[in-house]
Structure formats: structure tokens, C-alpha cells
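Scroll down for the structure; my scribbles are underneath it.
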Amino acid sequence: MARKKATKKASRKGPVELIISKARTKNSVKKCNVSGDFYGALDKRVREMLKEAETRAIANKRKTLKPQDL
């Protein structure tokens, strides 16, 4: 019996859309420039924070995210 090759899910999907706004991020920074790869890193961190907040809300038997979940 032959094994199936593992495929990467990301390769089947298109590029991931950012949930942060590049323009608003850049406008929020006053004294520094923003590198192109910063946006991806920021988006990744925001997604992690949302996932953690969702996990905490569910653990507290809620369906609503609240500030304390952050």
C-alpha cells in the first residue's frame, strides 16, 4: 500500500489577508519608519492574541470577548 504525500495546506490557499490596516499602523507610528515585514509580524501577533482571548472566553463559558480576555 503506497503512502500519500503530505501536502501543505498553505500552498492550496491564496495569500492570507491581513486583519490589521497598514495605513492605520503606519499613521500610528510617529517617530519611526515601518518596515514591510513588520505588518506580517504584527498581524501574526494580533491573530495569536485573538485566539488566546477566544480560548479564555470559552473557558469562562462566554461567547463574547471582553477586555479582560486580552
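How things are named: the first chain in the C-alpha cells is A, the next is B, and so on; residues count from 1 in each chain; ligands count from 1 in the order shown.
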*asked:* Env of segment 12-29 of chain A: 12 Å cut, atoms = only C-alpha atoms, seq-sep filter 5 positions within chain, self excluded. Answer as a ChimeraX atom specification.
replied: /A:7,34-48,50
Mind dumping the selected residues with N, CA and C atoms as a JSON list (two decimals), in the first residue's frame?
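again.json was written with the following content:
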[["chain", "number", "residue", "atom", "x", "y", "z"],
["A", 7, "THR", "N", 0.75, 17.16, 1.93],
["A", 7, "THR", "CA", 0.72, 18.43, 1.21],
["A", 7, "THR", "C", 0.52, 19.55, 2.20],
["A", 34, "VAL", "N", 8.24, 52.19, 9.30],
["A", 34, "VAL", "CA", 7.71, 50.84, 9.47],
["A", 34, "VAL", "C", 8.19, 49.99, 8.30],
["A", 35, "SER", "N", 8.90, 48.90, 8.59],
["A", 35, "SER", "CA", 9.39, 48.03, 7.52],
["A", 35, "SER", "C", 8.25, 47.20, 6.97],
["A", 36, "GLY", "N", 8.42, 46.72, 5.77],
["A", 36, "GLY", "CA", 7.39, 45.94, 5.10],
["A", 36, "GLY", "C", 7.05, 44.64, 5.82],
["A", 37, "ASP", "N", 8.05, 44.00, 6.43],
["A", 37, "ASP", "CA", 7.78, 42.73, 7.10],
["A", 37, "ASP", "C", 7.20, 42.91, 8.50],
["A", 38, "PHE", "N", 7.17, 44.15, 9.01],
["A", 38, "PHE", "CA", 6.58, 44.42, 10.32],
["A", 38, "PHE", "C", 5.09, 44.11, 10.32],
["A", 39, "TYR", "N", 4.42, 44.44, 9.21],
["A", 39, "TYR", "CA", 2.97, 44.25, 9.14],
["A", 39, "TYR", "C", 2.58, 42.78, 9.30],
["A", 40, "GLY", "N", 3.32, 41.89, 8.67],
["A", 40, "GLY", "CA", 3.05, 40.46, 8.80],
["A", 40, "GLY", "C", 3.26, 39.97, 10.22],
["A", 41, "ALA", "N", 4.33, 40.46, 10.86],
["A", 41, "ALA", "CA", 4.62, 40.07, 12.24],
["A", 41, "ALA", "C", 3.54, 40.60, 13.19],
["A", 42, "LEU", "N", 3.11, 41.84, 12.95],
["A", 42, "LEU", "CA", 2.05, 42.42, 13.79],
["A", 42, "LEU", "C", 0.75, 41.65, 13.60],
["A", 43, "ASP", "N", 0.42, 41.34, 12.36],
["A", 43, "ASP", "CA", -0.79, 40.59, 12.07],
["A", 43, "ASP", "C", -0.77, 39.22, 12.76],
["A", 44, "LYS", "N", 0.38, 38.57, 12.72],
["A", 44, "LYS", "CA", 0.53, 37.26, 13.36],
["A", 44, "LYS", "C", 0.29, 37.36, 14.86],
["A", 45, "ARG", "N", 0.86, 38.38, 15.47],
["A", 45, "ARG", "CA", 0.71, 38.57, 16.92],
["A", 45, "ARG", "C", -0.74, 38.88, 17.28],
["A", 46, "VAL", "N", -1.41, 39.70, 16.48],
["A", 46, "VAL", "CA", -2.81, 40.04, 16.73],
["A", 46, "VAL", "C", -3.67, 38.78, 16.64],
["A", 47, "ARG", "N", -3.40, 37.94, 15.63],
["A", 47, "ARG", "CA", -4.16, 36.69, 15.49],
["A", 47, "ARG", "C", -3.94, 35.77, 16.71],
["A", 48, "GLU", "N", -2.70, 35.72, 17.22],
["A", 48, "GLU", "CA", -2.41, 34.92, 18.41],
["A", 48, "GLU", "C", -3.18, 35.45, 19.62],
["A", 50, "LEU", "N", -5.97, 37.15, 19.60],
["A", 50, "LEU", "CA", -7.39, 36.86, 19.43],
["A", 50, "LEU", "C", -7.72, 35.41, 19.76]]
*Would you mind listing what lies within 10 Å of Asn60 of chain A as a list in words, with only C-alpha atoms counted and same-chain residues fewer than 5 positions away left out?*
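Skipping anything fewer than 5 positions along the chain leaves Glu54, Thr55 and Asp69 of chain A.
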*Quick one: DSSP alpha helix (DSSP H) residues in chain A, as a ChimeraX atom specification?*
/A:9-12,22-28,36-59
*Quick one, how far is atom CA of Lys63 of chain A from atom CA of Met49 of chain A?*
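Computed distance, atom CA of Lys63 of chain A to atom CA of Met49 of chain A, equals 16.1 Å.
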_Distance query Leu65 of chain A at most 9 Å, only C-alpha atoms, self and fewer than 3 positions along chain excluded, as a list in words_ = Leu50, Ala53, Glu54, Arg56, Ala57, Ile58, Arg62, Gln68, Asp69 and Leu70 of chain A
